Amino acid sequence: MGFADLFRPKWKHSDPKVRIEAIKMYDHLVPVWDLATADPDPSVRKAVLEETMIATVMAHVLLHDADVGVRQVAARRLADVVGLPEMFAEVDEQWPKMPKAYHAVLQAQGKGEEACHALVRQVLDKEADPEVRAAVVPLLKGDEKGMVALAISDPSPQVGGAVLEELDDRETALRIALKAPAATALMAVRHLDNDGLARVASSPVDETVRRAAVERLDDDDGLVRVAQSDAPADLRLAAVQQMRYEDGLETLARKGKDPEVRVAAFERYLTMADEDEVKTLSGRLLGDADPRVRTLAVRHTDQTGRAEKLARSDPDEQVRLAALERVVDPTVASAIAAQDASPAVREAAAKAVNQPWKEKAARYRDWEDPQRWKVVRAFAGEVSSRFPKSQVVLNQDEEEIYVRGSLDDVPIQIGIWATFGSLSVSMRWESPLPDIDLTRDLTKKPVKARGDVWGEKDEVRLFLGPAIFVEGRRDDAQAMAAAWGVLPPEATEPVIDAMTRLDLSFAYFQSEEAKASFEKSFYEMDDPVGAVLEMARILVDFFKAVKAAPLPAAIPALEAGDCSYCGARFNKLRRSTCPNCGAPVAW
């Protein structure tokens with residue numbers, strides 16, 4: 001310590017350590033200012049900055065100190081004391097841009113909010129760097145109108161983003177989204193609710209902004225607004241694809257201003273609504289002005305009368321072609337094939353005449369009886385055309401149609417029950433045998449014998465083929481199995497084969513009639529016409545074989561056996577294998 005130090009205040013002492021200790025003794029400006037701005041030792045200047053709370057001192061050091069370390073301390077302390085963004089604490093070897101703007105703002109400290117805002121606007125007007133402009137945005141707090149105007153006018157999304165962080169308000173975000181440059185508006189879209197998103201998507205703003213609004217919109221009412229707006233076509237269609245519920249889609253399909261929207265809405269509706277709803281809407285859209293909508297509607301309607309009218313008279317070729325798919329009356333198809341101006345329509349109509357029921361029966365279950373009746377009549381007509389000297393007999397009260405004729409002088413009747421599309425083939429004959437009722441049922445598996453399986457009160461099942469059996473009380477079942485066993489193989493084997501191959505559920509051979517019933521409805525079969533005609537031939541051949549065979553005067557009693565593999569019970573007469581599973585019989 002020098003002699004002169006005895007007469008100096010400690011903050012002017014020659015020893016830096018003493019000056020640092022002295023800092024804590026002073027809270028008035030003069031010593032703090034002198035030590036912070038003029039002390040030759042950087043450690044002293046730093047220590048002063050760490051202790052003081054005077055922002056003007058920090059700002060002066062930040063702008064004028066030659067030591068970057070001191071400037072960094074000043075910047076950090078200013079950010080802490082004044083509460084400004086951390087960006088203002090960033091100081092590097094170059095003269096920093098942030099502290100310059102910061103210092104300008106600090107000049108307004110203590111002059112009131114209005115003066116501070118005015119100075120901030122000067123920084124915003126003069127500063128070219130968007131990072132600086134964004135950093136001073138928080139100092140505009142209290143001037144929401146000015147902040148919104150800034151977000152709308154400033155070309156930098158950094159500034160707009162800073163405004164949105166300060167004003168997290170949906171109404172403010174909407175104003176920015178509608179008026180700001182695209183980059184800023186895209187950020188504003190993330191702050192909007194569904195109403196705001198719908199308004200942006202429906203407004204004439206940048207298309208990328210509108211698309212972003214549509215992608216975030218999860219309200220069908222808002223999406224309907226977009227689809228009905230003047231937005232570009234791809235945006236309106238995107239709104240349709242984003243809809244989640246049938247009501248809005250139905251509205252657009254019926255009332256959409258744009259045909260493209262109506263088509264898109266109807267197509268999406270078809271994937272979401274149930275069948276009854278689809279039928280209802282399709283009926284409403286049969287009169288739509290756009291042929292694409294009518295084409296879709298006629299393919300899904302159950303109103304065959306209106307479909308026939310469209311097939312005859314719609315001005316659009318594609319609609320007429322689609323309507324032909326719903327025509328079930330061969331006379332209508334014939335008239336179209338002869339009169340339509342379009343070669344394509346005439347060709348399709350001619351095809352419908354040749355096979356008027358096949359392509360239209362897929363929705364048979366959904367139709368009401370009048371529509372079913374037309375298809376069944378068309379099907380019966382085709383059967384009759386391939387059955388020589390046959391006629392179609394209608395019994396509409398019973399909902400049945402018959403095709404009646406003869407094969408080799410044996411009367412044959414093919415029956416179709418319109419309600420379910422059930423098929424049967426019957427033959428008139430005089431049977432020399434007891435009644436025999438054959439059943440084919442894949443769900444009824446044989447059960448191995450236990451106890452007295454031939455008891456008087458037991459129901460028994462005797463197998464004649466794979467899952468094919470006769471069943472009933474002991475005496476009845478045994479009588480049927482025994483009678484079947486004495487028939488010639490050329491009579492019985494084709495019947496057993498047909499029951500499996502043609503998928504029959506029953507075959508009855510009774511005193512005056514033999515009848516075979518199919519498991520599937522005619523519209524479910526690959527070739528029902530061929531199946532019924534083949535079964536008719538099999539029944540006639542059965543009749544011939546039985547008539548030609550020398551049957552025994554008395555049917556021998558049943559010799560029953562059980563399969564050791566599957567448990568099936570059967571007549572052992574002329575058998576070396578189990579009729580159900582094919583396993584060898586061990587006697």
# chains A, B, ... in the order shown; residues from 1 in each chain; ligands from 1

call {"tool": "residues_around", "arguments": {"residues": "stretch 537-552 of chain A", "least_positions_apart": "5", "cutoff": "8 Å", "atoms": "only C-alpha atoms", "output": "VMD selection string"}}
result
chain A and resid 407 to 408 410 427 429 486 to 488 490 to 492 494 to 495 514

call {"tool": "residues_around", "arguments": {"residues": "A:Leu223", "least_positions_apart": "3", "cutoff": "9 Å", "atoms": "only C-alpha atoms", "output": "PDB file with all heavy atoms, in the first residue's frame"}}
result
ATOM      1  N   ALA A 198     -61.582 -22.882 -40.108  1.00  0.00           N
ATOM      2  CA  ALA A 198     -62.535 -22.892 -41.213  1.00  0.00           C
ATOM      3  C   ALA A 198     -62.564 -21.553 -41.928  1.00  0.00           C
ATOM      4  O   ALA A 198     -62.656 -21.489 -43.161  1.00  0.00           O
ATOM      5  CB  ALA A 198     -63.932 -23.249 -40.694  1.00  0.00           C
ATOM      6  N   ALA A 201     -59.350 -21.270 -44.029  1.00  0.00           N
ATOM      7  CA  ALA A 201     -59.391 -22.164 -45.183  1.00  0.00           C
ATOM      8  C   ALA A 201     -60.369 -21.686 -46.247  1.00  0.00           C
ATOM      9  O   ALA A 201     -60.196 -21.993 -47.432  1.00  0.00           O
ATOM     10  CB  ALA A 201     -59.763 -23.575 -44.734  1.00  0.00           C
ATOM     11  N   VAL A 214     -56.863 -26.527 -43.377  1.00  0.00           N
ATOM     12  CA  VAL A 214     -57.703 -27.704 -43.652  1.00  0.00           C
ATOM     13  C   VAL A 214     -57.137 -28.925 -42.949  1.00  0.00           C
ATOM     14  O   VAL A 214     -57.874 -29.733 -42.364  1.00  0.00           O
ATOM     15  CB  VAL A 214     -57.810 -27.947 -45.169  1.00  0.00           C
ATOM     16  CG1 VAL A 214     -58.456 -29.305 -45.455  1.00  0.00           C
ATOM     17  CG2 VAL A 214     -58.631 -26.851 -45.821  1.00  0.00           C
ATOM     18  N   LEU A 217     -58.048 -28.881 -39.349  1.00  0.00           N
ATOM     19  CA  LEU A 217     -59.475 -28.761 -39.064  1.00  0.00           C
ATOM     20  C   LEU A 217     -60.069 -30.143 -38.816  1.00  0.00           C
ATOM     21  O   LEU A 217     -59.997 -31.032 -39.664  1.00  0.00           O
ATOM     22  CB  LEU A 217     -60.165 -28.084 -40.259  1.00  0.00           C
ATOM     23  CG  LEU A 217     -61.634 -27.703 -40.127  1.00  0.00           C
ATOM     24  CD1 LEU A 217     -61.870 -26.828 -38.912  1.00  0.00           C
ATOM     25  CD2 LEU A 217     -62.073 -26.965 -41.389  1.00  0.00           C
ATOM     26  N   ASP A 218     -60.663 -30.334 -37.647  1.00  0.00           N
ATOM     27  CA  ASP A 218     -61.267 -31.640 -37.334  1.00  0.00           C
ATOM     28  C   ASP A 218     -62.741 -31.504 -36.978  1.00  0.00           C
ATOM     29  O   ASP A 218     -63.274 -32.265 -36.166  1.00  0.00           O
ATOM     30  CB  ASP A 218     -60.504 -32.327 -36.199  1.00  0.00           C
ATOM     31  CG  ASP A 218     -60.528 -31.530 -34.907  1.00  0.00           C
ATOM     32  OD1 ASP A 218     -61.103 -30.414 -34.895  1.00  0.00           O
ATOM     33  OD2 ASP A 218     -59.982 -32.006 -33.900  1.00  0.00           O
ATOM     34  N   ASP A 219     -63.392 -30.547 -37.613  1.00  0.00           N
ATOM     35  CA  ASP A 219     -64.817 -30.311 -37.387  1.00  0.00           C
ATOM     36  C   ASP A 219     -65.526 -30.393 -38.735  1.00  0.00           C
ATOM     37  O   ASP A 219     -65.199 -29.652 -39.668  1.00  0.00           O
ATOM     38  CB  ASP A 219     -65.027 -28.938 -36.751  1.00  0.00           C
ATOM     39  CG  ASP A 219     -66.495 -28.561 -36.675  1.00  0.00           C
ATOM     40  OD1 ASP A 219     -67.229 -29.217 -35.928  1.00  0.00           O
ATOM     41  OD2 ASP A 219     -66.900 -27.610 -37.381  1.00  0.00           O
ATOM     42  N   ASP A 220     -66.491 -31.304 -38.856  1.00  0.00           N
ATOM     43  CA  ASP A 220     -67.134 -31.521 -40.152  1.00  0.00           C
ATOM     44  C   ASP A 220     -67.914 -30.304 -40.632  1.00  0.00           C
ATOM     45  O   ASP A 220     -67.983 -30.048 -41.840  1.00  0.00           O
ATOM     46  CB  ASP A 220     -68.057 -32.737 -40.073  1.00  0.00           C
ATOM     47  CG  ASP A 220     -67.298 -34.037 -40.321  1.00  0.00           C
ATOM     48  OD1 ASP A 220     -66.069 -34.043 -40.117  1.00  0.00           O
ATOM     49  OD2 ASP A 220     -67.929 -35.040 -40.704  1.00  0.00           O
ATOM     50  N   VAL A 226     -65.611 -25.175 -45.993  1.00  0.00           N
ATOM     51  CA  VAL A 226     -64.480 -25.113 -46.924  1.00  0.00           C
ATOM     52  C   VAL A 226     -64.877 -25.728 -48.266  1.00  0.00           C
ATOM     53  O   VAL A 226     -64.593 -25.170 -49.338  1.00  0.00           O
ATOM     54  CB  VAL A 226     -63.256 -25.836 -46.339  1.00  0.00           C
ATOM     55  CG1 VAL A 226     -62.102 -25.825 -47.345  1.00  0.00           C
ATOM     56  CG2 VAL A 226     -62.820 -25.179 -45.039  1.00  0.00           C
ATOM     57  N   ALA A 227     -65.539 -26.875 -48.221  1.00  0.00           N
ATOM     58  CA  ALA A 227     -65.921 -27.552 -49.460  1.00  0.00           C
ATOM     59  C   ALA A 227     -66.909 -26.735 -50.279  1.00  0.00           C
ATOM     60  O   ALA A 227     -66.978 -26.870 -51.501  1.00  0.00           O
ATOM     61  CB  ALA A 227     -66.524 -28.923 -49.140  1.00  0.00           C
ATOM     62  N   GLN A 228     -67.668 -25.871 -49.624  1.00  0.00           N
ATOM     63  CA  GLN A 228     -68.647 -25.027 -50.305  1.00  0.00           C
ATOM     64  C   GLN A 228     -68.094 -23.644 -50.635  1.00  0.00           C
ATOM     65  O   GLN A 228     -68.814 -22.806 -51.186  1.00  0.00           O
ATOM     66  CB  GLN A 228     -69.901 -24.872 -49.418  1.00  0.00           C
ATOM     67  CG  GLN A 228     -70.682 -26.150 -49.190  1.00  0.00           C
ATOM     68  CD  GLN A 228     -71.517 -26.528 -50.397  1.00  0.00           C
ATOM     69  OE1 GLN A 228     -70.997 -26.719 -51.477  1.00  0.00           O
ATOM     70  NE2 GLN A 228     -72.824 -26.617 -50.202  1.00  0.00           N
ATOM     71  N   ARG A 236     -60.871 -27.948 -51.787  1.00  0.00           N
ATOM     72  CA  ARG A 236     -62.240 -28.354 -51.449  1.00  0.00           C
ATOM     73  C   ARG A 236     -62.357 -29.877 -51.393  1.00  0.00           C
ATOM     74  O   ARG A 236     -63.025 -30.428 -50.520  1.00  0.00           O
ATOM     75  CB  ARG A 236     -63.213 -27.780 -52.470  1.00  0.00           C
ATOM     76  CG  ARG A 236     -63.420 -26.280 -52.305  1.00  0.00           C
ATOM     77  CD  ARG A 236     -64.439 -25.702 -53.262  1.00  0.00           C
ATOM     78  NE  ARG A 236     -63.828 -25.351 -54.532  1.00  0.00           N
ATOM     79  CZ  ARG A 236     -64.107 -25.943 -55.682  1.00  0.00           C
ATOM     80  NH1 ARG A 236     -64.984 -26.921 -55.725  1.00  0.00           N
ATOM     81  NH2 ARG A 236     -63.522 -25.566 -56.793  1.00  0.00           N
ATOM     82  N   ALA A 239     -60.892 -31.174 -48.208  1.00  0.00           N
ATOM     83  CA  ALA A 239     -61.827 -31.018 -47.083  1.00  0.00           C
ATOM     84  C   ALA A 239     -62.828 -32.171 -47.054  1.00  0.00           C
ATOM     85  O   ALA A 239     -63.148 -32.697 -45.984  1.00  0.00           O
ATOM     86  CB  ALA A 239     -62.553 -29.673 -47.199  1.00  0.00           C
ATOM     87  N   VAL A 240     -63.296 -32.583 -48.216  1.00  0.00           N
ATOM     88  CA  VAL A 240     -64.238 -33.714 -48.279  1.00  0.00           C
ATOM     89  C   VAL A 240     -63.587 -34.987 -47.746  1.00  0.00           C
ATOM     90  O   VAL A 240     -64.180 -35.726 -46.959  1.00  0.00           O
ATOM     91  CB  VAL A 240     -64.717 -33.923 -49.732  1.00  0.00           C
ATOM     92  CG1 VAL A 240     -65.531 -35.217 -49.839  1.00  0.00           C
ATOM     93  CG2 VAL A 240     -65.561 -32.745 -50.190  1.00  0.00           C
ATOM     94  N   GLN A 242     -61.347 -35.332 -45.627  1.00  0.00           N
ATOM     95  CA  GLN A 242     -61.027 -35.282 -44.203  1.00  0.00           C
ATOM     96  C   GLN A 242     -62.266 -35.420 -43.320  1.00  0.00           C
ATOM     97  O   GLN A 242     -62.152 -35.583 -42.111  1.00  0.00           O
ATOM     98  CB  GLN A 242     -60.308 -33.963 -43.894  1.00  0.00           C
ATOM     99  CG  GLN A 242     -59.571 -33.976 -42.562  1.00  0.00           C
ATOM    100  CD  GLN A 242     -58.491 -32.925 -42.519  1.00  0.00           C
ATOM    101  OE1 GLN A 242     -57.748 -32.743 -43.469  1.00  0.00           O
ATOM    102  NE2 GLN A 242     -58.406 -32.210 -41.418  1.00  0.00           N
ATOM    103  N   MET A 243     -63.445 -35.384 -43.909  1.00  0.00           N
ATOM    104  CA  MET A 243     -64.669 -35.460 -43.118  1.00  0.00           C
ATOM    105  C   MET A 243     -64.834 -36.855 -42.514  1.00  0.00           C
ATOM    106  O   MET A 243     -64.468 -37.862 -43.120  1.00  0.00           O
ATOM    107  CB  MET A 243     -65.869 -35.085 -43.975  1.00  0.00           C
ATOM    108  CG  MET A 243     -65.814 -33.627 -44.433  1.00  0.00           C
ATOM    109  SD  MET A 243     -67.189 -33.166 -45.489  1.00  0.00           S
ATOM    110  CE  MET A 243     -68.538 -33.295 -44.330  1.00  0.00           C
ATOM    111  N   GLY A 248     -72.489 -34.595 -42.811  1.00  0.00           N
ATOM    112  CA  GLY A 248     -71.897 -33.558 -43.660  1.00  0.00           C
ATOM    113  C   GLY A 248     -71.679 -34.046 -45.076  1.00  0.00           C
ATOM    114  O   GLY A 248     -71.875 -33.305 -46.046  1.00  0.00           O
TER     115      GLY A 248
END

call {"tool": "closest_residue", "arguments": {"among": "A:Gln478, A:Ser424, A:Gln241, A:Thr251", "to": "A:Asp221", "atoms": "only C-alpha atoms"}}
result
A:Thr251

call {"tool": "select_by_dssp", "arguments": {"residues": "stretch 118-253 of chain A", "states": "helix (DSSP H, G or I)", "output": "number ranges by chain"}}
result
A: 118-126, 130-140, 144-153, 157-166, 170-179, 182-189, 194-201, 207-216, 220-227, 233-242, 246-253

call {"tool": "residues_around", "arguments": {"residues": "stretch 179-183 of chain A", "least_positions_apart": "6", "cutoff": "10 Å", "atoms": "only C-alpha atoms", "output": "list in words"}}
result
Val148, Ala149, Leu150, Ala151, Ile152, Ser153, Asp154, Pro155, Ser156, Pro157, Gln158, Gly160, Gly161, Ala173, Val205, Asp206, Glu207, Thr208, Val209 and Arg210 of chain A

call {"tool": "atom_distance", "arguments": {"atom1": "atom CA of A:Val137", "atom2": "atom CA of A:Met58"}}
result
21.3 Å

call {"tool": "residues_around", "arguments": {"residues": "A:Gly287", "least_positions_apart": "2", "cutoff": "10 Å", "atoms": "only C-alpha atoms", "output": "ChimeraX atom specification"}}
result
/A:282-285,289-291,293-294,297-298,306,310,314

call {"tool": "write_last_selection", "arguments": {"atoms": "C-alpha atoms", "output": "PDB file, in the first residue's frame"}}
result
ATOM      1  CA  SER A 282     -78.925 -42.899 -53.922  1.00  0.00           C
ATOM      2  CA  GLY A 283     -82.637 -42.492 -54.579  1.00  0.00           C
ATOM      3  CA  ARG A 284     -82.395 -38.756 -53.874  1.00  0.00           C
ATOM      4  CA  LEU A 285     -79.459 -38.345 -56.230  1.00  0.00           C
ATOM      5  CA  ALA A 289     -77.651 -32.538 -62.693  1.00  0.00           C
ATOM      6  CA  ASP A 290     -74.225 -34.126 -63.011  1.00  0.00           C
ATOM      7  CA  PRO A 291     -74.082 -37.472 -64.848  1.00  0.00           C
ATOM      8  CA  VAL A 293     -73.457 -38.401 -59.585  1.00  0.00           C
ATOM      9  CA  ARG A 294     -76.362 -40.109 -61.356  1.00  0.00           C
ATOM     10  CA  ALA A 297     -76.602 -43.250 -57.579  1.00  0.00           C
ATOM     11  CA  VAL A 298     -78.146 -45.678 -60.050  1.00  0.00           C
ATOM     12  CA  ARG A 306     -86.394 -45.397 -61.829  1.00  0.00           C
ATOM     13  CA  LEU A 310     -82.744 -43.862 -66.677  1.00  0.00           C
ATOM     14  CA  ASP A 314     -80.964 -40.551 -69.621  1.00  0.00           C
TER      15      ASP A 314
END

call {"tool": "atom_distance", "arguments": {"atom1": "atom CA of A:Gly69", "atom2": "atom CA of A:Arg45"}}
result
10.1 Å

call {"tool": "atom_distance", "arguments": {"atom1": "atom CA of A:Glu512", "atom2": "atom CA of A:Pro528"}}
result
25.6 Å

call {"tool": "closest_residue", "arguments": {"among": "A:Ala311, A:Leu533, A:Ala333, A:Ala213", "to": "A:Ser385", "atoms": "only C-alpha atoms"}}
result
A:Leu533

call {"tool": "select_by_dssp", "arguments": {"residues": "stretch 368-421 of chain A", "states": "strand (DSSP E)", "output": "list in words"}}
result
Gln391, Val392, Val393, Leu394, Asn395, Glu400, Ile401, Tyr402, Val403, Arg404, Gly405, Ser406, Leu407, Val410, Pro411, Ile412, Gln413, Ile414, Gly415, Ile416 and Trp417 of chain A

call {"tool": "closest_residue", "arguments": {"among": "A:Leu164, A:Ala36, A:Val278, A:Leu504", "to": "A:Thr52", "atoms": "only C-alpha atoms"}}
result
A:Ala36

call {"tool": "residues_around", "arguments": {"residues": "A:Glu513", "least_positions_apart": "3", "cutoff": "10 Å", "atoms": "only C-alpha atoms", "output": "list in words"}}
result
Pro411, Ile412, Ser426, Met427, Arg428, Trp429, Glu430, Ser431, Asp435, Tyr508, Phe509 and Gln510 of chain A

call {"tool": "write_last_selection", "arguments": {"atoms": "N, CA, C and O atoms", "output": "CSV table (one decimal), in the first residue's frame"}}
result
chain,number,residue,atom,x,y,z
A,411,PRO,N,-92.2,-86.6,-66.1
A,411,PRO,CA,-92.6,-85.2,-65.8
A,411,PRO,C,-91.5,-84.6,-64.8
A,411,PRO,O,-91.2,-85.3,-63.8
A,412,ILE,N,-91.1,-83.4,-65.1
A,412,ILE,CA,-90.1,-82.8,-64.2
A,412,ILE,C,-90.6,-81.4,-63.9
A,412,ILE,O,-91.1,-80.7,-64.8
A,426,SER,N,-88.1,-81.6,-59.0
A,426,SER,CA,-89.0,-82.7,-58.6
A,426,SER,C,-89.3,-83.6,-59.9
A,426,SER,O,-89.2,-83.1,-61.0
A,427,MET,N,-89.6,-84.9,-59.6
A,427,MET,CA,-89.9,-85.8,-60.6
A,427,MET,C,-91.1,-86.6,-60.2
A,427,MET,O,-91.2,-87.1,-59.1
A,428,ARG,N,-92.1,-86.8,-61.1
A,428,ARG,CA,-93.3,-87.6,-60.9
A,428,ARG,C,-93.0,-89.0,-61.2
A,428,ARG,O,-92.5,-89.3,-62.3
A,429,TRP,N,-93.3,-89.9,-60.3
A,429,TRP,CA,-93.1,-91.4,-60.5
A,429,TRP,C,-93.9,-92.2,-59.6
A,429,TRP,O,-94.4,-91.6,-58.6
A,430,GLU,N,-94.0,-93.4,-59.8
A,430,GLU,CA,-94.7,-94.3,-58.9
A,430,GLU,C,-93.6,-95.2,-58.3
A,430,GLU,O,-93.0,-96.1,-59.0
A,431,SER,N,-93.3,-95.0,-57.0
A,431,SER,CA,-92.2,-95.7,-56.4
A,431,SER,C,-92.6,-97.1,-55.9
A,431,SER,O,-93.7,-97.3,-55.3
A,435,ASP,N,-90.9,-94.9,-48.6
A,435,ASP,CA,-90.4,-93.5,-48.7
A,435,ASP,C,-89.0,-93.5,-48.1
A,435,ASP,O,-88.6,-94.1,-47.1
A,508,TYR,N,-85.6,-86.5,-51.6
A,508,TYR,CA,-86.7,-87.4,-51.1
A,508,TYR,C,-87.2,-88.3,-52.3
A,508,TYR,O,-87.3,-87.9,-53.4
A,509,PHE,N,-87.4,-89.5,-51.9
A,509,PHE,CA,-87.9,-90.5,-52.9
A,509,PHE,C,-89.2,-91.1,-52.2
A,509,PHE,O,-89.1,-92.0,-51.4
A,510,GLN,N,-90.3,-90.5,-52.6
A,510,GLN,CA,-91.6,-90.9,-51.9
A,510,GLN,C,-92.5,-91.6,-52.9
A,510,GLN,O,-92.1,-91.8,-54.1
